[in-house]
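File shown: model.cif. Contents: mmCIF, C-alpha atoms and all ligand atoms.
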```
data_start
loop_
_atom_site.label_atom_id
_atom_site.label_comp_id
_atom_site.auth_asym_id
_atom_site.auth_seq_id
_atom_site.Cartn_x
_atom_site.Cartn_y
_atom_site.Cartn_z
CA MET A 1 139.37 183.22 -45.69
CA GLY A 2 138.23 186.61 -44.48
CA LYS A 3 140.11 188.96 -42.23
CA PRO A 4 140.83 188.02 -38.62
CA VAL A 5 137.96 188.96 -36.29
CA ILE A 6 139.46 187.45 -33.15
CA GLU A 7 143.14 187.36 -32.33
CA ILE A 8 144.49 185.87 -29.13
CA LYS A 9 148.21 185.89 -28.50
CA ASN A 10 149.94 184.07 -25.66
CA LEU A 11 146.99 184.29 -23.29
CA PHE A 12 147.32 183.29 -19.64
CA VAL A 13 144.41 183.26 -17.18
CA ASP A 14 144.51 182.53 -13.45
CA LEU A 15 141.40 181.93 -11.39
CA ASP A 16 141.79 181.77 -7.62
CA GLY A 17 145.54 181.43 -8.02
CA VAL A 18 145.24 178.46 -10.37
CA THR A 19 146.35 178.68 -14.00
CA VAL A 20 143.27 177.84 -16.04
CA LEU A 21 144.55 178.92 -19.47
CA GLU A 22 148.13 179.14 -20.65
CA HIS A 23 149.92 179.89 -23.92
CA VAL A 24 146.62 180.17 -25.77
CA ASN A 25 147.00 181.39 -29.34
CA LEU A 26 144.05 181.63 -31.66
CA THR A 27 143.06 183.47 -34.80
CA VAL A 28 139.45 183.30 -35.97
CA ASN A 29 138.71 184.71 -39.40
CA GLU A 30 135.53 186.35 -40.55
CA TYR A 31 132.79 183.82 -41.38
CA ASP A 32 134.72 181.03 -39.77
CA PHE A 33 132.78 178.43 -37.81
CA LEU A 34 135.08 177.27 -35.03
CA GLY A 35 134.17 174.34 -32.82
CA ILE A 36 135.91 174.02 -29.45
CA ILE A 37 135.89 170.69 -27.67
CA GLY A 38 137.72 169.58 -24.54
CA PRO A 39 137.28 167.92 -21.16
CA ASN A 40 135.30 169.37 -18.26
CA GLY A 41 137.31 172.10 -16.60
CA GLY A 42 139.50 172.51 -19.69
CA GLY A 43 138.81 176.25 -19.78
CA LYS A 44 136.30 176.55 -22.64
CA THR A 45 133.81 178.74 -20.80
CA THR A 46 136.67 180.76 -19.35
CA LEU A 47 138.00 181.46 -22.84
CA LEU A 48 134.60 182.76 -23.94
CA ARG A 49 134.39 184.89 -20.80
CA VAL A 50 137.77 186.43 -21.66
CA LEU A 51 136.39 187.44 -25.07
CA LEU A 52 133.35 188.96 -23.35
CA GLY A 53 135.55 190.97 -21.00
CA LEU A 54 134.21 189.11 -17.93
CA VAL A 55 137.57 187.58 -17.04
CA LYS A 56 140.82 189.55 -17.12
CA PRO A 57 143.89 187.73 -18.42
CA VAL A 58 147.12 187.90 -16.44
CA ARG A 59 149.06 188.00 -19.68
CA GLY A 60 148.47 188.09 -23.40
CA LYS A 61 146.76 190.06 -26.10
CA VAL A 62 143.12 189.77 -27.11
CA ARG A 63 141.70 191.68 -30.09
CA ILE A 64 138.16 191.71 -31.43
CA MET A 65 138.01 193.05 -34.97
CA GLY A 66 141.35 194.73 -34.43
CA GLU A 67 140.34 196.55 -31.24
CA SER A 68 140.38 195.90 -27.50
CA VAL A 69 137.76 193.71 -25.82
CA GLU A 70 136.30 196.77 -24.05
CA LYS A 71 135.84 198.61 -27.31
CA ASN A 72 134.38 195.81 -29.39
CA ARG A 73 132.70 193.31 -27.10
CA HIS A 74 129.34 194.73 -28.18
CA LEU A 75 129.94 192.97 -31.50
CA LEU A 76 129.68 189.61 -29.74
CA GLY A 77 126.51 187.65 -29.11
CA TYR A 78 126.61 185.11 -26.30
CA VAL A 79 124.53 182.07 -25.48
CA PRO A 80 125.61 180.96 -21.99
CA GLN A 81 126.16 177.34 -20.98
CA TYR A 82 123.66 177.22 -18.16
CA ALA A 83 120.36 179.00 -18.42
CA VAL A 84 120.17 179.79 -14.72
CA PHE A 85 116.87 181.49 -14.24
CA ASP A 86 114.73 182.48 -11.31
CA ARG A 87 111.40 180.97 -12.30
CA SER A 88 109.47 183.44 -10.19
CA PHE A 89 110.92 186.43 -12.02
CA PRO A 90 108.09 187.94 -14.06
CA ILE A 91 109.34 188.46 -17.61
CA SER A 92 107.93 187.19 -20.87
CA VAL A 93 109.77 185.51 -23.74
CA GLY A 94 109.24 188.57 -25.92
CA GLU A 95 110.60 190.89 -23.24
CA VAL A 96 113.75 188.81 -22.82
CA VAL A 97 114.46 188.90 -26.54
CA ILE A 98 113.71 192.60 -27.07
CA SER A 99 115.95 193.45 -24.11
CA ALA A 100 118.86 192.62 -26.41
CA ARG A 101 118.00 195.80 -28.32
CA LEU A 102 118.50 197.96 -25.18
CA ALA A 103 122.25 198.34 -25.69
CA ARG A 104 121.56 200.34 -28.84
CA LYS A 105 118.74 202.49 -27.46
CA GLN A 106 120.46 205.22 -25.48
CA GLY A 107 117.26 206.03 -23.66
CA ARG A 108 114.90 205.89 -26.64
CA ARG A 109 111.91 203.59 -26.81
CA PHE A 110 111.91 200.41 -28.81
CA SER A 111 111.07 201.07 -32.43
CA ARG A 112 108.89 199.07 -34.76
CA GLU A 113 112.17 197.85 -36.27
CA ASP A 114 113.35 196.55 -32.86
CA TYR A 115 110.15 194.49 -32.49
CA LYS A 116 110.57 193.18 -36.02
CA ILE A 117 114.13 192.07 -35.30
CA ALA A 118 113.09 190.42 -32.02
CA ASP A 119 110.21 188.57 -33.70
CA ALA A 120 112.45 187.40 -36.54
CA ALA A 121 114.93 186.06 -33.96
CA LEU A 122 112.13 184.17 -32.17
CA GLU A 123 110.88 182.83 -35.47
CA ARG A 124 114.32 181.45 -36.26
CA VAL A 125 114.33 179.30 -33.13
CA GLU A 126 110.66 178.35 -33.58
CA MET A 127 109.59 180.18 -30.44
CA LEU A 128 107.48 182.97 -31.91
CA PRO A 129 104.19 181.31 -30.90
CA LEU A 130 105.36 181.43 -27.27
CA ARG A 131 106.28 185.11 -27.35
CA SER A 132 103.82 186.07 -24.62
CA ARG A 133 104.62 183.17 -22.30
CA GLN A 134 106.40 183.81 -19.00
CA MET A 135 110.03 182.64 -19.03
CA GLY A 136 109.40 180.78 -15.78
CA GLU A 137 106.86 178.55 -17.52
CA LEU A 138 109.25 177.28 -20.20
CA SER A 139 111.12 173.99 -20.23
CA GLY A 140 114.93 174.06 -20.09
CA GLY A 141 115.28 173.47 -23.83
CA GLU A 142 112.73 176.15 -24.68
CA ARG A 143 114.52 178.60 -22.43
CA GLN A 144 117.79 177.86 -24.17
CA ARG A 145 116.18 178.59 -27.52
CA VAL A 146 114.95 181.92 -26.22
CA LEU A 147 118.50 182.74 -25.16
CA VAL A 148 119.69 181.98 -28.67
CA ALA A 149 117.00 184.32 -30.00
CA ARG A 150 118.12 186.99 -27.55
CA ALA A 151 121.72 186.69 -28.75
CA LEU A 152 120.55 186.95 -32.37
CA ALA A 153 118.38 190.01 -31.68
CA ALA A 154 121.56 191.94 -30.80
CA GLN A 155 122.63 191.31 -34.42
CA PRO A 156 126.14 190.26 -33.47
CA ARG A 157 129.05 189.96 -35.89
CA ILE A 158 130.42 187.06 -33.89
CA LEU A 159 128.22 184.58 -32.04
CA LEU A 160 129.63 182.61 -29.09
CA LEU A 161 127.66 179.53 -28.08
CA ASP A 162 128.52 177.52 -24.96
CA GLU A 163 126.87 174.08 -25.11
CA PRO A 164 123.72 175.43 -26.76
CA THR A 165 122.24 172.00 -27.41
CA ALA A 166 122.82 170.62 -23.91
CA SER A 167 119.13 170.52 -23.02
CA VAL A 168 117.39 170.63 -26.37
CA ASP A 169 115.84 167.52 -27.87
CA SER A 170 117.44 165.71 -30.79
CA ARG A 171 114.92 167.01 -33.33
CA PHE A 172 115.65 170.57 -32.33
CA ALA A 173 119.41 169.88 -32.10
CA ALA A 174 119.56 168.76 -35.74
CA GLY A 175 117.59 171.81 -36.88
CA PHE A 176 119.69 173.94 -34.60
CA TYR A 177 122.95 172.97 -36.29
CA GLU A 178 121.34 173.75 -39.63
CA LEU A 179 120.32 177.14 -38.24
CA LEU A 180 123.92 177.71 -37.19
CA GLN A 181 125.11 176.96 -40.71
CA GLU A 182 122.59 179.45 -42.03
CA LEU A 183 123.72 182.09 -39.52
CA ASN A 184 127.29 181.40 -40.55
CA GLN A 185 126.52 183.06 -43.90
CA GLU A 186 126.06 186.30 -41.96
CA MET A 187 128.39 186.03 -38.98
CA THR A 188 131.36 184.28 -37.43
CA LEU A 189 130.51 181.43 -35.05
CA ILE A 190 132.37 179.92 -32.12
CA LEU A 191 130.68 176.85 -30.71
CA VAL A 192 131.72 175.06 -27.52
CA SER A 193 130.28 171.59 -27.29
CA HIS A 194 130.75 168.10 -25.93
CA ASP A 195 128.74 166.77 -28.84
CA ILE A 196 131.87 165.89 -30.75
CA SER A 197 130.27 164.11 -33.66
CA ALA A 198 127.82 166.95 -34.32
CA VAL A 199 130.47 169.60 -33.91
CA SER A 200 132.90 167.92 -36.25
CA THR A 201 130.15 167.45 -38.81
CA TYR A 202 129.10 171.09 -38.92
CA VAL A 203 132.09 173.28 -38.09
CA LYS A 204 134.72 174.55 -40.51
CA THR A 205 137.60 174.39 -38.04
CA LEU A 206 138.05 172.53 -34.83
CA ALA A 207 140.13 173.17 -31.72
CA CYS A 208 140.65 171.23 -28.51
CA LEU A 209 141.08 173.11 -25.25
CA ASN A 210 142.66 171.60 -22.21
CA ARG A 211 144.36 174.51 -20.46
CA THR A 212 146.11 175.27 -23.71
CA LEU A 213 144.54 175.25 -27.15
CA PHE A 214 145.32 172.67 -29.79
CA TYR A 215 144.27 174.19 -32.99
CA GLU A 216 144.68 173.22 -36.58
CA ASN A 217 143.34 174.99 -39.56
CA SER A 218 140.97 172.24 -40.54
CA ARG A 219 138.20 170.00 -39.28
CA GLU A 220 140.58 167.11 -38.95
CA LEU A 221 141.22 166.01 -35.43
CA SER A 222 144.81 164.92 -35.48
CA GLN A 223 145.91 162.14 -33.21
CA GLU A 224 148.29 164.54 -31.49
CA MET A 225 145.49 167.02 -30.85
CA ILE A 226 143.28 164.40 -29.26
CA GLU A 227 146.01 162.88 -27.18
CA ASN A 228 147.25 166.24 -25.98
CA THR A 229 143.74 167.27 -25.06
CA TYR A 230 142.15 164.19 -23.62
CA HIS A 231 145.19 162.05 -22.92
CA CYS A 232 142.94 159.21 -23.90
CA PRO A 233 141.86 158.71 -27.51
CA VAL A 234 139.73 155.73 -26.53
CA ASP A 235 137.42 158.07 -24.65
CA LEU A 236 136.72 159.93 -27.83
CA ILE A 237 136.20 156.86 -29.93
CA ALA A 238 133.45 155.81 -27.58
CA HIS A 239 131.55 158.91 -28.63
CA GLY A 240 131.40 157.72 -32.22
CA ILE A 241 133.22 160.31 -34.24
CA PRO A 242 132.39 160.18 -37.94
CA HIS A 243 135.16 158.51 -39.89
CA ARG A 244 135.52 161.34 -42.33
CA VAL A 245 136.50 163.68 -39.52
CA LEU A 246 138.79 161.55 -37.44
CA PRO A 247 141.70 160.22 -39.47
CA PRO A 248 142.82 156.66 -38.84
CA HIS A 249 144.77 156.45 -35.68
CA ASN A 250 146.66 153.43 -34.52
CA GLY A 251 144.29 151.44 -36.63
CA VAL A 252 141.55 151.98 -34.08
CA VAL A 253 139.38 154.47 -35.89
CA GLY A 254 138.78 155.19 -39.52
CA SER A 255 138.50 152.99 -42.52
N1 LIG B 301 135.39 181.85 -10.75
C1 LIG B 301 136.25 180.83 -10.64
N2 LIG B 301 137.10 180.75 -9.62
C2 LIG B 301 138.00 179.73 -9.53
N3 LIG B 301 138.09 178.75 -10.45
C3 LIG B 301 137.25 178.78 -11.49
C4 LIG B 301 136.29 179.82 -11.65
N4 LIG B 301 135.60 179.58 -12.78
C5 LIG B 301 136.12 178.45 -13.30
N5 LIG B 301 137.10 177.96 -12.52
C6 LIG B 301 137.92 176.76 -12.79
O1 LIG B 301 138.57 176.95 -14.03
C7 LIG B 301 138.66 175.73 -14.74
C8 LIG B 301 138.06 175.93 -16.13
O2 LIG B 301 136.65 176.10 -16.01
P1 LIG B 301 135.72 176.29 -17.26
O3 LIG B 301 134.37 176.56 -16.74
O4 LIG B 301 136.32 177.30 -18.17
O5 LIG B 301 135.81 174.85 -17.94
P2 LIG B 301 134.99 174.27 -19.18
O6 LIG B 301 136.01 173.81 -20.19
O7 LIG B 301 133.98 175.25 -19.65
O8 LIG B 301 134.31 172.98 -18.54
P3 LIG B 301 132.86 172.29 -18.85
O9 LIG B 301 133.08 171.40 -20.03
O10 LIG B 301 132.63 171.48 -17.62
O11 LIG B 301 131.86 173.37 -19.05
C9 LIG B 301 137.93 174.71 -13.89
O12 LIG B 301 138.90 173.96 -13.19
C10 LIG B 301 137.09 175.54 -12.95
O13 LIG B 301 136.91 174.87 -11.72
MG MG B 302 131.97 175.26 -19.66
#
```
Let me see whether you can do it: turn the structure in this file into structure tokens.
Ligand SMILES: Nc1ncnc2c1ncn2[C@@H]1O[C@H](COP(=O)(O)OP(=O)(O)OP(=O)(O)O)[C@@H](O)[C@H]1O
Ligand SMILES: [Mg+2]
Amino acid sequence: MGKPVIEIKNLFVDLDGVTVLEHVNLTVNEYDFLGIIGPNGGGKTTLLRVLLGLVKPVRGKVRIMGESVEKNRHLLGYVPQYAVFDRSFPISVGEVVISARLARKQGRRFSREDYKIADAALERVEMLPLRSRQMGELSGGERQRVLVARALAAQPRILLLDEPTASVDSRFAAGFYELLQELNQEMTLILVSHDISAVSTYVKTLACLNRTLFYENSRELSQEMIENTYHCPVDLIAHGIPHRVLPPHNGVVGS
């Protein structure tokens, strides 16, 4: 295992006076591929927003590559859960992706290198042929792929993905997980998803978040982790978790 790139110690987050995250402890090492599952409202998106500096914790320590969130959040790439987009806003696919290079520009124009990086990112999500299309003309799944390309064009060290396959078709989803494994050679990945069987097939470590984080240093979902998170293992079984990931529990799953 590499060195820790994300360290969270005893994190508490309140939103509108309600405790959304409590006692969250997490260490993510370099080149890890962490999957986070959990019920709706469990705090997954909130946890990512803490890492991005968009939500301030009431308590706890958060470090990105040994430094504060403010100092190092530029090392994070982010693919948001919902691609909310004003369809009338005039911007092309290529413009969205190259805009990721702005943070590094300090007033200079985009270089040939910037365009190369943006095109390579579009190529990776199979969207290069649509580079000149208006964002407003894309389908939901296509738009999501562009947002992945945009995150990649920033050349992040750590990529955060919140339900990136929610509106992509199954052919793209399969290729997408393969792409993530490829990217994992170059960067650390944190993937939030409800697609439990896919997540547990592709990730290196798995955590469940339901206000607090149940985390074990493996891909095994322990019975305790599931019960603590979902309070209902049967729910999970209905989703068809691969046997090799979910150990036998109560004789219901596994073989
Ligand atoms: N800005 C906010 N103000 C008040 N409460 C919020 C705010 N944002 C989120 N919440 C609440 O915090 C809890 C955690 O929300 P969050 O979006 O992190 O869940 P999630 O695990 O990502 O869920 P999902 O699987 O549905 O995406 C929810 O109960 C939600 O209603
Ligand atoms: Mg969410």
Pick out the residues no farther than 9 Å from ligand MG 302 (chain B), counting all atoms listed in the file, and list them as a ChimeraX atom specification.
/A:40-46,80-82,162-163,192-193
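From CA of Leu15 in chain A back to CA of Ala151 in chain A, the distance works out to 26.7 Å.
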Residue contacts of Leu180 in chain A (9 Å, only C-alpha atoms) excluding same-chain residues fewer than 3 positions away, as a PyMOL selection string
chain A and resi 33+175-177+183-185+189+202
If we count only C-alpha atoms and set the cut-off at 10 Å, which residues sit around Ile6 in chain A, ignoring sequence neighbours fewer than 3 positions away in its own chain? Please answer as a ChimeraX atom specification.
/A:3,26-30,51,62-67,69,158,188
If I take CA of Phe214 in chain A and CA of Pro57 in chain A, how far is one from the other in Å, to one decimal?
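Atom-to-atom, CA of Phe214 in chain A to CA of Pro57 in chain A, that is 18.9 Å.
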Given all atoms listed in the file as the counted atoms, nearest of A:Ala173, A:Tyr78, A:Ala207, A:His194 to ligand LIG 301 (chain B):
A:His194
Which residue, A:Glu70, A:Val168, A:Ala149, A:Ala174, has the smallest gap to Ser197 in chain A when you use all atoms listed in the file?
A:Ala174
